[in-house]
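File shown here: upload-v9.cif, holding mmCIF, C-alpha atoms.
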data_run
#
loop_
_atom_site.label_atom_id
_atom_site.label_comp_id
_atom_site.auth_asym_id
_atom_site.auth_seq_id
_atom_site.Cartn_x
_atom_site.Cartn_y
_atom_site.Cartn_z
CA MET A 1 259.56 221.14 212.57
CA LEU A 2 256.29 219.36 213.08
CA GLY A 3 254.79 219.45 216.56
CA THR A 4 251.72 217.97 218.21
CA ASP A 5 249.83 221.25 218.74
CA PHE A 6 247.92 220.51 215.56
CA THR A 7 246.13 223.25 213.63
CA LYS A 8 244.38 223.31 210.26
CA GLY A 9 246.67 221.73 207.66
CA SER A 10 249.09 220.11 210.12
CA PRO A 11 250.10 216.50 209.50
CA ASN A 12 248.31 214.95 212.47
CA TRP A 13 248.41 211.22 211.65
CA ILE A 14 250.38 208.77 209.57
CA ASP A 15 249.80 205.13 208.83
CA LEU A 16 251.24 202.37 206.69
CA GLY A 17 249.21 200.10 204.47
CA SER A 18 250.97 196.77 204.07
CA PRO A 19 250.22 193.39 202.46
CA ASP A 20 251.69 191.63 205.52
CA THR A 21 251.28 193.59 208.73
CA ALA A 22 253.22 191.07 210.82
CA VAL A 23 256.33 191.37 208.65
CA ALA A 24 255.97 195.15 208.44
CA ALA A 25 255.58 195.46 212.21
CA ALA A 26 258.70 193.35 212.75
CA PHE A 27 260.69 195.51 210.32
CA TYR A 28 259.80 198.85 211.89
CA THR A 29 260.13 197.65 215.47
CA ALA A 30 263.61 196.36 214.64
CA LEU A 31 264.49 199.61 212.86
CA PHE A 32 263.11 202.24 215.24
CA GLY A 33 262.55 200.31 218.45
CA TRP A 34 258.80 200.89 218.23
CA GLU A 35 256.22 198.63 219.86
CA PHE A 36 253.20 197.53 217.81
CA VAL A 37 249.92 197.51 219.74
CA SER A 38 246.76 196.10 218.16
CA ALA A 39 243.70 198.38 218.08
CA GLY A 40 241.60 195.36 219.06
CA PRO A 41 239.86 192.31 217.57
CA ASP A 42 237.34 194.43 215.65
CA ALA A 43 239.94 196.72 214.05
CA GLY A 44 240.63 194.50 211.04
CA GLY A 45 244.33 194.14 211.80
CA TYR A 46 244.90 197.86 212.38
CA GLY A 47 247.15 198.91 215.24
CA PHE A 48 249.51 201.53 216.58
CA PHE A 49 253.28 201.93 216.61
CA GLN A 50 254.22 203.32 220.00
CA GLN A 51 257.34 204.73 221.60
CA ASP A 52 257.54 205.17 225.36
CA GLY A 53 253.78 204.74 225.53
CA GLY A 54 252.96 207.40 222.92
CA THR A 55 251.67 206.74 219.40
CA VAL A 56 254.11 207.70 216.62
CA ALA A 57 252.40 205.99 213.64
CA ALA A 58 249.91 203.26 212.76
CA LEU A 59 249.76 200.15 210.58
CA GLY A 60 247.00 198.27 208.82
CA PRO A 61 246.36 195.94 205.89
CA LEU A 62 245.91 197.32 202.38
CA THR A 63 242.23 198.00 201.74
CA GLU A 64 242.16 199.41 198.18
CA GLU A 65 242.20 197.02 195.24
CA GLY A 66 245.52 197.14 193.41
CA ALA A 67 247.12 199.36 196.08
CA SER A 68 250.85 199.21 196.74
CA SER A 69 252.35 199.36 200.19
CA ALA A 70 252.84 203.00 201.19
CA TRP A 71 252.82 205.46 204.05
CA MET A 72 249.78 207.76 204.15
CA VAL A 73 250.02 211.28 205.59
CA TYR A 74 246.85 212.75 207.11
CA PHE A 75 246.31 216.51 207.37
CA GLN A 76 244.11 218.12 209.97
CA THR A 77 240.85 219.72 208.93
CA PRO A 78 238.06 221.22 211.04
CA ASP A 79 235.50 219.80 208.58
CA ALA A 80 236.38 216.70 206.56
CA ASP A 81 233.26 216.92 204.40
CA ALA A 82 233.92 220.55 203.42
CA THR A 83 237.58 219.81 202.65
CA VAL A 84 236.59 216.89 200.43
CA ALA A 85 234.14 219.10 198.54
CA THR A 86 236.86 221.73 198.04
CA ALA A 87 239.36 219.11 196.85
CA ARG A 88 236.87 217.69 194.35
CA GLY A 89 236.17 221.17 193.00
CA ALA A 90 239.91 221.87 192.68
CA GLY A 91 240.59 218.79 190.56
CA GLY A 92 241.34 216.23 193.25
CA THR A 93 239.97 212.70 193.37
CA VAL A 94 238.12 211.22 196.34
CA ARG A 95 239.19 207.63 196.96
CA ALA A 96 237.15 207.25 200.15
CA GLU A 97 234.34 209.58 201.18
CA PRO A 98 234.43 210.93 204.76
CA PHE A 99 233.63 208.39 207.43
CA ASP A 100 233.86 208.21 211.21
CA ILE A 101 236.39 206.04 213.05
CA MET A 102 234.09 205.49 216.03
CA ASP A 103 234.41 208.72 218.04
CA THR A 104 238.16 209.19 217.50
CA GLY A 105 237.86 211.25 214.31
CA ARG A 106 236.48 211.56 210.80
CA ILE A 107 238.71 210.80 207.82
CA ALA A 108 238.70 210.77 204.03
CA GLN A 109 241.19 209.47 201.44
CA LEU A 110 242.11 211.73 198.51
CA THR A 111 244.43 212.04 195.52
CA ASP A 112 245.70 215.41 194.36
CA PRO A 113 245.57 216.46 190.66
CA ALA A 114 249.16 215.23 190.12
CA GLY A 115 248.38 211.77 191.49
CA ALA A 116 249.85 212.03 194.99
CA GLU A 117 247.70 210.25 197.58
CA PHE A 118 246.96 211.82 200.95
CA ALA A 119 244.25 211.87 203.59
CA VAL A 120 242.43 214.35 205.80
CA ARG A 121 241.51 213.85 209.42
CA GLN A 122 239.00 215.77 211.51
CA PRO A 123 239.92 215.10 215.16
CA GLY A 124 237.44 213.59 217.57
CA THR A 125 238.40 212.18 220.94
CA MET A 126 241.88 211.37 219.56
CA LYS A 127 243.76 214.57 218.71
CA GLY A 128 246.43 212.89 216.61
CA LEU A 129 249.94 211.56 217.03
CA ASP A 130 251.36 211.72 220.55
CA ARG A 131 254.95 212.26 219.46
CA ALA A 132 256.60 214.19 216.64
CA SER A 133 260.00 215.69 215.81
CA GLU A 134 261.83 213.56 218.33
CA ASN A 135 264.06 210.60 217.57
CA ASN A 136 262.19 207.83 215.69
CA ALA A 137 259.09 209.97 215.17
CA LEU A 138 257.63 211.87 212.20
CA CYS A 139 259.33 215.22 211.71
CA TRP A 140 258.66 216.31 208.10
CA ALA A 141 256.34 215.56 205.17
CA GLU A 142 257.58 216.13 201.63
CA LEU A 143 255.61 216.22 198.40
CA HIS A 144 257.22 215.39 195.05
CA VAL A 145 255.19 216.57 192.04
CA PRO A 146 255.82 217.63 188.42
CA ASP A 147 254.45 221.15 189.03
CA PRO A 148 255.07 222.52 192.55
CA GLY A 149 253.24 225.75 191.77
CA ALA A 150 250.06 223.93 190.83
CA ALA A 151 250.37 221.78 193.96
CA LEU A 152 250.70 224.89 196.13
CA ASP A 153 247.53 226.26 194.60
CA PHE A 154 245.60 223.03 195.19
CA TYR A 155 246.66 222.48 198.78
CA GLY A 156 246.40 226.18 199.55
CA ARG A 157 242.71 226.01 198.70
CA LEU A 158 242.29 223.13 201.14
CA PHE A 159 244.47 224.22 204.05
CA ASP A 160 245.61 227.86 203.53
CA TRP A 161 249.24 226.77 203.69
CA ARG A 162 252.00 229.36 203.45
CA SER A 163 255.25 228.70 201.58
CA ALA A 164 258.76 230.08 201.40
CA ASP A 165 261.24 229.39 198.61
CA MET A 166 264.58 227.85 199.48
CA GLU A 167 267.23 227.43 196.81
CA ALA A 168 268.68 223.93 196.60
CA PRO A 169 271.09 222.36 194.09
CA GLY A 170 269.29 222.37 190.73
CA MET A 171 265.88 223.27 192.15
CA THR A 172 263.74 225.62 194.21
CA TYR A 173 262.37 223.93 197.31
CA ARG A 174 259.09 225.22 198.77
CA VAL A 175 258.98 225.07 202.56
CA LEU A 176 255.41 224.64 203.80
CA SER A 177 253.88 226.16 206.92
CA THR A 178 250.40 226.12 208.38
CA ALA A 179 248.37 229.32 208.28
CA GLU A 180 248.72 230.04 212.00
CA GLY A 181 251.73 231.24 213.98
CA ASP A 182 255.25 232.28 213.07
CA GLN A 183 255.91 230.98 209.57
CA GLU A 184 259.26 229.37 210.34
CA ASP A 185 258.07 227.79 213.58
CA ALA A 186 254.92 226.53 211.81
CA SER A 187 256.86 224.79 209.02
CA PHE A 188 256.14 221.07 208.72
CA GLY A 189 257.14 219.99 205.22
CA GLY A 190 258.04 220.94 201.69
CA ILE A 191 257.35 220.54 198.00
CA ALA A 192 260.02 219.48 195.52
CA GLU A 193 259.85 219.03 191.79
CA LEU A 194 259.58 215.41 190.72
CA GLN A 195 263.01 214.38 189.48
CA ALA A 196 263.76 212.65 186.20
CA GLY A 197 263.29 208.92 186.54
CA ALA A 198 260.82 209.17 189.43
CA ASP A 199 257.76 207.06 188.73
CA HIS A 200 254.92 209.11 190.24
CA ALA A 201 253.96 212.02 192.47
CA ARG A 202 253.87 211.14 196.17
CA TRP A 203 254.21 212.28 199.75
CA ILE A 204 257.30 211.03 201.61
CA PRO A 205 257.37 210.99 205.42
CA TYR A 206 260.63 211.81 207.20
CA PHE A 207 261.44 210.32 210.59
CA ALA A 208 263.96 212.04 212.86
CA VAL A 209 266.83 209.78 213.90
CA ALA A 210 270.09 210.07 215.82
CA ASP A 211 272.20 208.17 213.26
CA VAL A 212 271.06 208.01 209.62
CA ASP A 213 273.90 205.75 208.48
CA ASP A 214 273.35 203.18 211.21
CA LEU A 215 269.63 202.91 210.50
CA ALA A 216 270.22 202.59 206.76
CA VAL A 217 272.45 199.59 207.42
CA ARG A 218 269.94 198.20 209.90
CA ALA A 219 267.11 198.55 207.38
CA GLN A 220 269.04 196.54 204.78
CA GLY A 221 269.75 193.86 207.36
CA ASN A 222 266.04 193.49 208.04
CA GLY A 223 264.84 193.16 204.45
CA GLY A 224 264.60 196.84 203.48
CA SER A 225 266.53 198.72 200.82
CA VAL A 226 268.28 202.06 200.36
CA LEU A 227 266.72 204.26 197.69
CA MET A 228 269.03 207.21 198.26
CA PRO A 229 272.25 206.82 200.28
CA ALA A 230 272.88 209.03 203.29
CA ALA A 231 273.98 212.54 202.35
CA ASP A 232 274.42 215.89 204.07
CA ILE A 233 272.14 218.74 202.98
CA PRO A 234 273.47 222.17 204.02
CA ASP A 235 271.36 223.85 206.73
CA VAL A 236 268.99 220.86 206.74
CA GLY A 237 270.85 217.84 208.06
CA ARG A 238 271.77 214.33 207.00
CA ILE A 239 269.13 212.38 205.11
CA ALA A 240 268.57 209.04 203.42
CA TRP A 241 265.65 207.48 201.56
CA LEU A 242 264.74 203.89 202.36
CA ALA A 243 262.07 201.34 201.46
CA ASP A 244 260.65 198.65 203.68
CA PRO A 245 260.46 194.96 202.62
CA PHE A 246 257.31 195.66 200.58
CA GLY A 247 258.68 198.74 198.82
CA ALA A 248 257.00 201.47 200.89
CA PRO A 249 259.31 204.50 200.71
CA PHE A 250 260.20 206.71 203.66
CA ALA A 251 263.09 208.93 204.69
CA LEU A 252 265.38 209.49 207.65
CA LEU A 253 266.61 212.87 208.83
CA LYS A 254 269.15 213.88 211.43
CA PRO A 255 268.35 217.59 211.60
CA ALA A 256 271.21 220.08 211.51
CA PRO A 257 271.57 222.03 214.75
CA ARG A 258 269.56 225.24 214.67
CA GLY A 259 271.77 228.28 215.12
#
Starting from the file, lay out its structure as structure tokens.
Amino acid sequence: MLGTDFTKGSPNWIDLGSPDTAVAAAFYTALFGWEFVSAGPDAGGYGFFQQDGGTVAALGPLTEEGASSAWMVYFQTPDADATVATARGAGGTVRAEPFDIMDTGRIAQLTDPAGAEFAVRQPGTMKGLDRASENNALCWAELHVPDPGAALDFYGRLFDWRSADMEAPGMTYRVLSTAEGDQEDASFGGIAELQAGADHARWIPYFAVADVDDLAVRAQGNGGSVLMPAADIPDVGRIAWLADPFGAPFALLKPAPRG
């Protein structure tokens, strides 16, 4: 599972772009018990979701014309400019060229060749998220694309990710790991083939929770919706896919005990 000892290719930040940050903040604080803390009067409405004083995610207004509300996963890079150049040469699209967020880090917004949006983050004074893989925090990042093999090639050129095949009902799931450390311990996400009826390639963040079913009901009671009802996945855990009041998809996971 994802940790906070970030290395090249680790998901090290996540934020939500929303058309109404007040409503979005109210939804996620009611769902996860987070606290929303503004980044200040000059931050353009951007702020941090915190749990027990540690940042677990962030929230800001939509900034791209025609953009839909969505969670954005950021992957660590030692050199944002070099990673952007590699992505462009590998068929990716640059939506926002690298820029500095004061001294906290340098980021860029990208789209992979299949159309899935993601971002890269070069740490500055802020290393990344303070909490991961604990209840109500990011624990997994999952990519859904038409051609997982092509996606592995693209992201491998950017981050040197390793992968291991895991057989799942009707598909082969690719478990992703960073280049450093034990491959299983360094796993942080996966790639799945885009299923029939899915509208577009995308990254889906998973948040670890103690009770998937309870939070699914709670989400519906606060204006969200259930995209995929809670179900048990052997050797993985219990999962559900939800959407917030503005349609931004995300997932819940109660991990299976590790033997």
Would you translate the PyMOL selection byres ((chain A and resi 106-108) around 8) into the concrete set of residues it matches in this file, as a PyMOL selection string? chain A and resi 80+84+94-101+104-105+109-110+119-124
Selected residue of minimal separation from A:Asp42 among A:Gln220, A:Pro148, A:Ala30, A:Met102, counting only C-alpha atoms: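 Of all the options, A:Met102 lies closest to A:Asp42.
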Shell around A:Lys8 at 10 Å using all atoms listed in the file, local window under 6 positions removed, as a ChimeraX atom specification: /A:75-79,121-122,158-161,178-180
Name the residues that the PyMOL selection byres ((chain A and resi 2) around 8) picks from the file above, as a VMD selection string, using the file's chain letters and numbers. chain A and resid 1 3 to 4 10 to 11 132 to 133 138 to 140 186 to 189
Neighbour list for A:Pro146 as a PyMOL selection string, cut-off 8 Å, only C-alpha atoms, skip fewer than 4 positions in-chain: chain A and resi 114+193-195+201
Between atom CA of A:Ala85 and atom CA of A:Gly156, what distance in Å does the model show, to one decimal?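 Spanning atom CA of A:Ala85 to atom CA of A:Gly156 is a straight-line distance of 14.2 Å.
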Check the smallest atom-to-atom distance from each of A:Thr111, A:Thr63, A:Ser225, A:Thr55 to A:Ile14 using only C-alpha atoms, then report the winner.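 Selected residue with least distance to A:Ile14: A:Thr55.
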Quick one: apply the PyMOL selection byres ((chain A and resi 241) around 6) to the file and drop the selected residues here as a ChimeraX atom specification. /A:227-228,240,242,250-251
Tell me which of A:Ala137, A:Val145, A:Ala26, A:Ala243 sits closest to A:His200, counting only C-alpha atoms. A:Val145
Compare A:Asp130, A:Glu35, A:Glu142, A:Asp153 by their minimum atom-to-atom distance to A:Phe6, counting all atoms listed in the file, and give me the closest one.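 Nearest to A:Phe6: A:Asp130.
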Figure out the distance between atom CA of A:Ala208 and atom CA of A:Val226, please, to one decimal in Å. 16.6 Å
For atom CA of A:Ala256 and atom CA of A:Val212, the interatomic separation in Å (one decimal):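 Atom-to-atom, atom CA of A:Ala256 and atom CA of A:Val212 are spaced 12.2 Å apart.
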Residue contacts of A:Ile204 (8 Å, all atoms listed in the file) excluding same-chain residues fewer than 2 positions away, as a list in words: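 Within the cut-off, the hits are Trp71, Ala141, Glu142, Leu143, His144, Arg202, Tyr206, Pro249, Phe250 and Ala251 of chain A.
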Which is closer to A:Asn135 than all the others in A:Asp5, A:Asp211, A:Asp112, A:Asp244, using all atoms listed in the file?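 Closest candidate: A:Asp211.
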Pick from A:Ile191, A:Leu59, A:Ala216, A:Leu176: nearest to A:Ala116, with all atoms listed in the file counted?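 Ranked by minimum distance to A:Ala116, first place goes to A:Ile191.
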Counting only C-alpha atoms, which residues sit no farther than 12 Å from the position (250.3, 203.0, 204.9) in the file's frame? I'd like them as a PyMOL selection string. chain A and resi 13-21+24-25+46-48+57-64+67-74+109+117-119+203-205+244+246-250
Axis-aligned box for all listed atoms of stretch 245-249 of chain A, 5 Å per side, centre and edges in Å to one decimal, as JSON:
{"center_x": 258.7, "center_y": 199.7, "center_z": 200.7, "size_x": 13.5, "size_y": 19.5, "size_z": 13.8}
